[in-house]
Amino acid sequence: MAHALAKATLGLTLPAHIDPLKISFVAKEIDLVEWKGDMLAVGVTEKDMVKDVNSKFQNSILKKLDSQHGGLLFEVSKEEDFTGKAGQSAVLRLSGVGPKRVSLFGLGKCTTGSATSAYRCLGESVASAVKTYQANNAGITLASFEGLTSEMKLTAVSAIATGISLGTYEDNRFKSESKKPTLKSVEFLGFGAGPELEKKLKYTEDVCTGVILGKELVNSPANVLTPGVLAQEAEKIASTYSNVLTAKILDTEQCKELKMGSYLGVAAASANPPKFIHLCYKPPSGSVKKKLALVGKGLTFDSGGYNIKTGPGCSIELMKFDMGGSAAVLGAAKALGQIKPAGVEVHFIVAACENMISGTGMRPGDIVTASNGKTIEVNNTDAEGRLTLADALVYACNQGVDKIVDLATLTGACVVALGPSIAGVFTPSDELAKEVVAASEVAGEKLWRMPMEESYWESMKSGVADMVNTGGRQGGSILAALFLKQFVDEKVQWLHIDMAGPVWNDKKKTATGFAISTLVEWVLSNSSS
């Protein structure tokens, strides 16, 4: 992600331009014992590790590989106490012809419900091993294909390729020195071959480029990724896929004309002006049967405003990730620009700004007026994301869409409720909830539907305006969703994803690219492709 900056960045920091890693993924139908290369990786379930009467491998593929290498594979698995549990691995280093290493990776029980995440973890484990051993190529197979339909094999290949692509990727744009990844090619062995599999691999590659863009956007510090630069990134996506995508960027004056007082109130304190981003995808041919909108919260930095974030656990130093919703939306736009689904029009909408502190800023107690005429008493300037989303949702409804999904790092309350790995889903529509949750299961991402308890709205009433922007501490994420609902046309199906937890991986100190795969799957489920 290269930035064309109009002025010198604070701190004089610019991201280095790093060419994206290109890994060749191909499927081959050859005998495993004939495969030659740096590393042969075998996905092994706990069931595959059942022993025969001689306490050796019972599984035919493991037995064949063990026999080829003089019983050493079994010895290594025994020494490493490898039982096929998820996360386990055992590596056999070899000399001579054939593979330089044979590696066993545990898939756990790998039931139908957990298969996608198990295969993705296998891909990530292979990526980690490839980095350790500086491998240029790898072959991947499973110890057992028993019971796997051709559709299941396609799912497995896609999930493994995703794990390898995203596991190999490292965001080194802001490091003065970095190692280049070595992996050039991956061969899938025993999964079948042909146009369907090639199409699935191409689709996976397209989605991964979107996920990587999303990660880079979230990782970019606020001194580099301002609202203006986020708008430039959106324009770049539209110009790259100009046969299907168009871009419209609204400035402060244009937003005033649209009466976006809620959004502009949040933006008022910052020296970096707001940018309202609207990309539109239209299929290259054929009629449009459904119109969708993806709306992402785009706070490139959130200080909290006059209700400044203070004290331990406030995470102010991580508030660059408060545009995680917009990163998901733009990442999905990049992927869909390549996939080009038929029969569906998609609007990608982001009200980008910063929530800062200055003499021009919004004060606690101020009343702002949203573009649908509703008035909001701002009782907490740190509940700003919903104020920006209010005008973005009104704008989305005005595009004549049938369905809206909005995504936001909206509440700490949702992280308390669901932890760091699961996003909360709020919607009055059972049908839309089923669609989006089904898409997330295909994508291997975790969503959980939460209640929209209407009686809680009492605590959001103001004595002087139509509503306040935050209620009490209890049920905070529900109150935030009920607030957003006030700005959605009743004729439009709407779903809100609170992704404050899964946007960031604390352990790895990096963005996850969460929700991009789910959004792409959801759009495709609404297309006629």
# chains A, B, ... in the order shown; residues from 1 in each chain; ligands from 1
call {"tool": "residues_around", "arguments": {"residues": "Lys180 in chain A", "least_positions_apart": "4", "cutoff": "12 Å", "atoms": "only C-alpha atoms", "output": "PyMOL selection string"}}
result
chain A and resi 18-22+131+134-136+168-173+184
call {"tool": "residues_around", "arguments": {"residues": "Gly419 in chain A", "least_positions_apart": "4", "cutoff": "12 Å", "atoms": "only C-alpha atoms", "output": "list of chain:residue names"}}
result
A:Thr411, A:Gly412, A:Ala413, A:Cys414, A:Val415, A:Ala423, A:Gly424, A:Lys446, A:Leu447, A:Trp448, A:Asp498, A:Met499, A:Ala500, A:Gly501, A:Pro502, A:Val503, A:Trp504, A:Asn505, A:Asp506
call {"tool": "residues_around", "arguments": {"residues": "range 78-83 of chain A", "least_positions_apart": "6", "cutoff": "8 Å", "atoms": "only C-alpha atoms", "output": "PyMOL selection string"}}
result
chain A and resi 46+49+89-90+106
call {"tool": "residues_around", "arguments": {"residues": "Ser150 in chain A", "least_positions_apart": "4", "cutoff": "9 Å", "atoms": "only C-alpha atoms", "output": "list in words"}}
result
Leu154, Thr155, Phe191 and Gly192 of chain A
call {"tool": "write_last_selection", "arguments": {"atoms": "all heavy atoms", "output": "compact mmCIF listing (two decimals), in the first residue's frame"}}
result
# COMPACT_ATOMS: atom_id res chain seq x y z
N LEU A 154 -12.62 -29.16 -2.19
CA LEU A 154 -12.47 -27.76 -2.62
C LEU A 154 -12.39 -26.83 -1.41
O LEU A 154 -11.55 -25.92 -1.36
CB LEU A 154 -13.67 -27.33 -3.49
CG LEU A 154 -13.75 -27.89 -4.91
CD1 LEU A 154 -15.01 -27.38 -5.60
CD2 LEU A 154 -12.53 -27.51 -5.74
N THR A 155 -13.24 -27.08 -0.41
CA THR A 155 -13.23 -26.28 0.82
C THR A 155 -11.88 -26.42 1.53
O THR A 155 -11.31 -25.43 2.01
CB THR A 155 -14.37 -26.74 1.77
OG1 THR A 155 -15.61 -26.57 1.08
CG2 THR A 155 -14.39 -25.94 3.06
N PHE A 191 -5.96 -34.08 -3.85
CA PHE A 191 -7.22 -33.35 -3.69
C PHE A 191 -8.04 -33.33 -4.98
O PHE A 191 -9.09 -32.72 -5.03
CB PHE A 191 -6.96 -31.91 -3.25
CG PHE A 191 -6.42 -31.78 -1.85
CD1 PHE A 191 -5.06 -31.86 -1.59
CD2 PHE A 191 -7.28 -31.58 -0.77
CE1 PHE A 191 -4.57 -31.74 -0.30
CE2 PHE A 191 -6.80 -31.46 0.52
CZ PHE A 191 -5.44 -31.54 0.76
N GLY A 192 -7.50 -33.94 -6.03
CA GLY A 192 -8.13 -33.85 -7.34
C GLY A 192 -7.49 -32.74 -8.14
O GLY A 192 -6.54 -32.09 -7.69
call {"tool": "closest_residue", "arguments": {"among": "A:Gly296, A:Gly265, A:Pro274, A:Pro451", "to": "Gly331 in chain A", "atoms": "only C-alpha atoms"}}
result
A:Gly296
call {"tool": "select_by_dssp", "arguments": {"residues": "range 301-464 of chain A", "states": "helix (DSSP H, G or I)", "output": "MDAnalysis selection string"}}
result
chainID A and resid 316:339 385:397 412:418 430:443 454:460
call {"tool": "closest_residue", "arguments": {"among": "A:Val288, A:Ala27, A:Tyr241, A:Ala231", "to": "Leu197 in chain A", "atoms": "only C-alpha atoms"}}
result
A:Ala27
call {"tool": "closest_residue", "arguments": {"among": "A:Thr209, A:Thr310, A:Asn372, A:Asn54", "to": "Phe487 in chain A", "atoms": "only C-alpha atoms"}}
result
A:Asn372
call {"tool": "residues_around", "arguments": {"residues": "Ser165 in chain A", "least_positions_apart": "5", "cutoff": "9 Å", "atoms": "only C-alpha atoms", "output": "ChimeraX atom specification"}}
result
/A:21-23,123-124,127,160,205,208
call {"tool": "write_last_selection", "arguments": {"atoms": "C-alpha atoms", "output": "PDB file, in the first residue's frame"}}
result
ATOM      1  CA  LEU A  21       4.319 -12.105  -2.438  1.00  0.00           C
ATOM      2  CA  LYS A  22       3.123 -14.301  -5.287  1.00  0.00           C
ATOM      3  CA  ILE A  23       2.751 -17.972  -4.396  1.00  0.00           C
ATOM      4  CA  GLY A 123      -2.101 -23.822   6.229  1.00  0.00           C
ATOM      5  CA  GLU A 124      -0.855 -21.426   8.917  1.00  0.00           C
ATOM      6  CA  ALA A 127       3.519 -21.240   6.536  1.00  0.00           C
ATOM      7  CA  ILE A 160      -5.294 -24.422   3.445  1.00  0.00           C
ATOM      8  CA  GLU A 205      -6.201 -15.660  -4.004  1.00  0.00           C
ATOM      9  CA  CYS A 208      -6.602 -13.004   0.333  1.00  0.00           C
TER      10      CYS A 208
END
call {"tool": "closest_residue", "arguments": {"among": "A:Trp522, A:Phe145, A:Phe483, A:Tyr306", "to": "Ala269 in chain A", "atoms": "only C-alpha atoms"}}
result
A:Tyr306
call {"tool": "residues_around", "arguments": {"residues": "Leu482 in chain A", "least_positions_apart": "6", "cutoff": "8 Å", "atoms": "only C-alpha atoms", "output": "PyMOL selection string"}}
result
chain A and resi 452+454+457
call {"tool": "write_last_selection", "arguments": {"atoms": "C-alpha atoms", "output": "CSV table (one decimal), in the first residue's frame"}}
result
chain,number,residue,atom,x,y,z
A,452,MET,CA,-32.1,-6.3,20.1
A,454,GLU,CA,-36.2,-2.8,22.6
A,457,TRP,CA,-34.2,2.1,24.6
call {"tool": "closest_residue", "arguments": {"among": "A:Ser371, A:Thr300, A:Asn526, A:Ser67", "to": "Gln486 in chain A", "atoms": "only C-alpha atoms"}}
result
A:Ser371
call {"tool": "atom_distance", "arguments": {"atom1": "CA of Leu279 in chain A", "atom2": "CA of His347 in chain A"}}
result
5.8 Å
call {"tool": "atom_distance", "arguments": {"atom1": "CA of Ser176 in chain A", "atom2": "CA of Ile237 in chain A"}}
result
27.1 Å
call {"tool": "residues_around", "arguments": {"residues": "Ser239 in chain A", "least_positions_apart": "3", "cutoff": "12 Å", "atoms": "only C-alpha atoms", "output": "JSON, numbers by chain"}}
result
{"A": [232, 233, 234, 235, 236, 242, 243, 244, 245, 246, 247, 248, 279, 280, 281, 333, 334, 337]}
call {"tool": "atom_distance", "arguments": {"atom1": "CA of Thr381 in chain A", "atom2": "CA of Gly305 in chain A"}}
result
5.4 Å
call {"tool": "decode", "arguments": {"residues": "range 56-68 of chain A", "atoms": "all heavy atoms", "output": "PDB file, in the first residue's frame"}}
result
ATOM      1  N   LYS A  56       2.292 -49.927  14.978  1.00  0.00           N
ATOM      2  CA  LYS A  56       2.814 -49.037  13.927  1.00  0.00           C
ATOM      3  C   LYS A  56       1.634 -48.294  13.290  1.00  0.00           C
ATOM      4  O   LYS A  56       0.490 -48.487  13.667  1.00  0.00           O
ATOM      5  CB  LYS A  56       3.545 -49.864  12.853  1.00  0.00           C
ATOM      6  CG  LYS A  56       4.786 -50.593  13.362  1.00  0.00           C
ATOM      7  CD  LYS A  56       5.951 -49.656  13.500  1.00  0.00           C
ATOM      8  CE  LYS A  56       7.226 -50.399  13.887  1.00  0.00           C
ATOM      9  NZ  LYS A  56       8.367 -49.497  14.065  1.00  0.00           N
ATOM     10  N   PHE A  57       1.936 -47.451  12.303  1.00  0.00           N
ATOM     11  CA  PHE A  57       0.866 -46.736  11.605  1.00  0.00           C
ATOM     12  C   PHE A  57      -0.126 -47.713  10.983  1.00  0.00           C
ATOM     13  O   PHE A  57       0.269 -48.652  10.286  1.00  0.00           O
ATOM     14  CB  PHE A  57       1.430 -45.866  10.463  1.00  0.00           C
ATOM     15  CG  PHE A  57       2.203 -44.647  10.922  1.00  0.00           C
ATOM     16  CD1 PHE A  57       3.453 -44.362  10.379  1.00  0.00           C
ATOM     17  CD2 PHE A  57       1.676 -43.775  11.857  1.00  0.00           C
ATOM     18  CE1 PHE A  57       4.167 -43.250  10.774  1.00  0.00           C
ATOM     19  CE2 PHE A  57       2.380 -42.650  12.261  1.00  0.00           C
ATOM     20  CZ  PHE A  57       3.631 -42.381  11.719  1.00  0.00           C
ATOM     21  N   GLN A  58      -1.407 -47.481  11.219  1.00  0.00           N
ATOM     22  CA  GLN A  58      -2.444 -48.263  10.548  1.00  0.00           C
ATOM     23  C   GLN A  58      -2.878 -47.553   9.270  1.00  0.00           C
ATOM     24  O   GLN A  58      -3.228 -48.197   8.273  1.00  0.00           O
ATOM     25  CB  GLN A  58      -3.648 -48.424  11.484  1.00  0.00           C
ATOM     26  CG  GLN A  58      -4.718 -49.360  10.948  1.00  0.00           C
ATOM     27  CD  GLN A  58      -5.793 -49.621  11.991  1.00  0.00           C
ATOM     28  OE1 GLN A  58      -5.495 -50.067  13.094  1.00  0.00           O
ATOM     29  NE2 GLN A  58      -7.034 -49.322  11.649  1.00  0.00           N
ATOM     30  N   ASN A  59      -2.833 -46.213   9.294  1.00  0.00           N
ATOM     31  CA  ASN A  59      -3.242 -45.404   8.136  1.00  0.00           C
ATOM     32  C   ASN A  59      -2.371 -45.723   6.914  1.00  0.00           C
ATOM     33  O   ASN A  59      -1.146 -45.746   6.997  1.00  0.00           O
ATOM     34  CB  ASN A  59      -3.116 -43.919   8.506  1.00  0.00           C
ATOM     35  CG  ASN A  59      -3.406 -42.998   7.349  1.00  0.00           C
ATOM     36  OD1 ASN A  59      -2.540 -42.738   6.524  1.00  0.00           O
ATOM     37  ND2 ASN A  59      -4.624 -42.500   7.296  1.00  0.00           N
ATOM     38  N   SER A  60      -3.023 -45.972   5.764  1.00  0.00           N
ATOM     39  CA  SER A  60      -2.292 -46.458   4.580  1.00  0.00           C
ATOM     40  C   SER A  60      -1.291 -45.433   4.036  1.00  0.00           C
ATOM     41  O   SER A  60      -0.185 -45.786   3.622  1.00  0.00           O
ATOM     42  CB  SER A  60      -3.274 -46.873   3.481  1.00  0.00           C
ATOM     43  OG  SER A  60      -4.079 -45.770   3.117  1.00  0.00           O
ATOM     44  N   ILE A  61      -1.647 -44.151   4.038  1.00  0.00           N
ATOM     45  CA  ILE A  61      -0.737 -43.116   3.502  1.00  0.00           C
ATOM     46  C   ILE A  61       0.478 -42.950   4.419  1.00  0.00           C
ATOM     47  O   ILE A  61       1.623 -42.904   3.959  1.00  0.00           O
ATOM     48  CB  ILE A  61      -1.488 -41.777   3.308  1.00  0.00           C
ATOM     49  CG1 ILE A  61      -2.438 -41.902   2.115  1.00  0.00           C
ATOM     50  CG2 ILE A  61      -0.520 -40.612   3.093  1.00  0.00           C
ATOM     51  CD1 ILE A  61      -3.308 -40.691   1.850  1.00  0.00           C
ATOM     52  N   LEU A  62       0.229 -42.907   5.732  1.00  0.00           N
ATOM     53  CA  LEU A  62       1.341 -42.776   6.687  1.00  0.00           C
ATOM     54  C   LEU A  62       2.238 -44.019   6.625  1.00  0.00           C
ATOM     55  O   LEU A  62       3.472 -43.907   6.682  1.00  0.00           O
ATOM     56  CB  LEU A  62       0.809 -42.576   8.108  1.00  0.00           C
ATOM     57  CG  LEU A  62       0.062 -41.252   8.377  1.00  0.00           C
ATOM     58  CD1 LEU A  62      -0.447 -41.217   9.807  1.00  0.00           C
ATOM     59  CD2 LEU A  62       0.967 -40.045   8.110  1.00  0.00           C
ATOM     60  N   LYS A  63       1.603 -45.179   6.474  1.00  0.00           N
ATOM     61  CA  LYS A  63       2.367 -46.437   6.394  1.00  0.00           C
ATOM     62  C   LYS A  63       3.276 -46.435   5.153  1.00  0.00           C
ATOM     63  O   LYS A  63       4.444 -46.819   5.223  1.00  0.00           O
ATOM     64  CB  LYS A  63       1.368 -47.615   6.320  1.00  0.00           C
ATOM     65  CG  LYS A  63       1.991 -48.981   6.540  1.00  0.00           C
ATOM     66  CD  LYS A  63       0.942 -50.073   6.435  1.00  0.00           C
ATOM     67  CE  LYS A  63       0.232 -50.264   7.755  1.00  0.00           C
ATOM     68  NZ  LYS A  63      -0.668 -51.437   7.734  1.00  0.00           N
ATOM     69  N   LYS A  64       2.724 -45.937   4.048  1.00  0.00           N
ATOM     70  CA  LYS A  64       3.471 -45.893   2.783  1.00  0.00           C
ATOM     71  C   LYS A  64       4.674 -44.945   2.899  1.00  0.00           C
ATOM     72  O   LYS A  64       5.792 -45.282   2.488  1.00  0.00           O
ATOM     73  CB  LYS A  64       2.515 -45.403   1.680  1.00  0.00           C
ATOM     74  CG  LYS A  64       3.053 -45.539   0.266  1.00  0.00           C
ATOM     75  CD  LYS A  64       1.943 -45.141  -0.712  1.00  0.00           C
ATOM     76  CE  LYS A  64       2.343 -45.422  -2.137  1.00  0.00           C
ATOM     77  NZ  LYS A  64       1.271 -45.052  -3.083  1.00  0.00           N
ATOM     78  N   LEU A  65       4.451 -43.768   3.482  1.00  0.00           N
ATOM     79  CA  LEU A  65       5.542 -42.800   3.648  1.00  0.00           C
ATOM     80  C   LEU A  65       6.596 -43.316   4.630  1.00  0.00           C
ATOM     81  O   LEU A  65       7.801 -43.147   4.424  1.00  0.00           O
ATOM     82  CB  LEU A  65       4.993 -41.449   4.144  1.00  0.00           C
ATOM     83  CG  LEU A  65       4.234 -40.609   3.107  1.00  0.00           C
ATOM     84  CD1 LEU A  65       3.534 -39.434   3.794  1.00  0.00           C
ATOM     85  CD2 LEU A  65       5.190 -40.098   2.032  1.00  0.00           C
ATOM     86  N   ASP A  66       6.110 -43.968   5.681  1.00  0.00           N
ATOM     87  CA  ASP A  66       7.029 -44.508   6.692  1.00  0.00           C
ATOM     88  C   ASP A  66       7.917 -45.598   6.093  1.00  0.00           C
ATOM     89  O   ASP A  66       9.125 -45.656   6.325  1.00  0.00           O
ATOM     90  CB  ASP A  66       6.215 -45.067   7.864  1.00  0.00           C
ATOM     91  CG  ASP A  66       7.082 -45.403   9.060  1.00  0.00           C
ATOM     92  OD1 ASP A  66       7.955 -44.569   9.399  1.00  0.00           O
ATOM     93  OD2 ASP A  66       6.885 -46.467   9.658  1.00  0.00           O
ATOM     94  N   SER A  67       7.289 -46.438   5.271  1.00  0.00           N
ATOM     95  CA  SER A  67       8.022 -47.521   4.612  1.00  0.00           C
ATOM     96  C   SER A  67       9.080 -46.953   3.656  1.00  0.00           C
ATOM     97  O   SER A  67      10.211 -47.446   3.592  1.00  0.00           O
ATOM     98  CB  SER A  67       7.019 -48.395   3.857  1.00  0.00           C
ATOM     99  OG  SER A  67       7.685 -49.280   3.009  1.00  0.00           O
ATOM    100  N   GLN A  68       8.696 -45.888   2.927  1.00  0.00           N
ATOM    101  CA  GLN A  68       9.622 -45.260   1.978  1.00  0.00           C
ATOM    102  C   GLN A  68      10.875 -44.724   2.690  1.00  0.00           C
ATOM    103  O   GLN A  68      11.978 -44.750   2.143  1.00  0.00           O
ATOM    104  CB  GLN A  68       8.907 -44.107   1.248  1.00  0.00           C
ATOM    105  CG  GLN A  68       9.775 -43.435   0.174  1.00  0.00           C
ATOM    106  CD  GLN A  68       9.169 -42.096  -0.272  1.00  0.00           C
ATOM    107  OE1 GLN A  68       8.189 -41.630   0.290  1.00  0.00           O
ATOM    108  NE2 GLN A  68       9.768 -41.495  -1.279  1.00  0.00           N
TER     109      GLN A  68
END
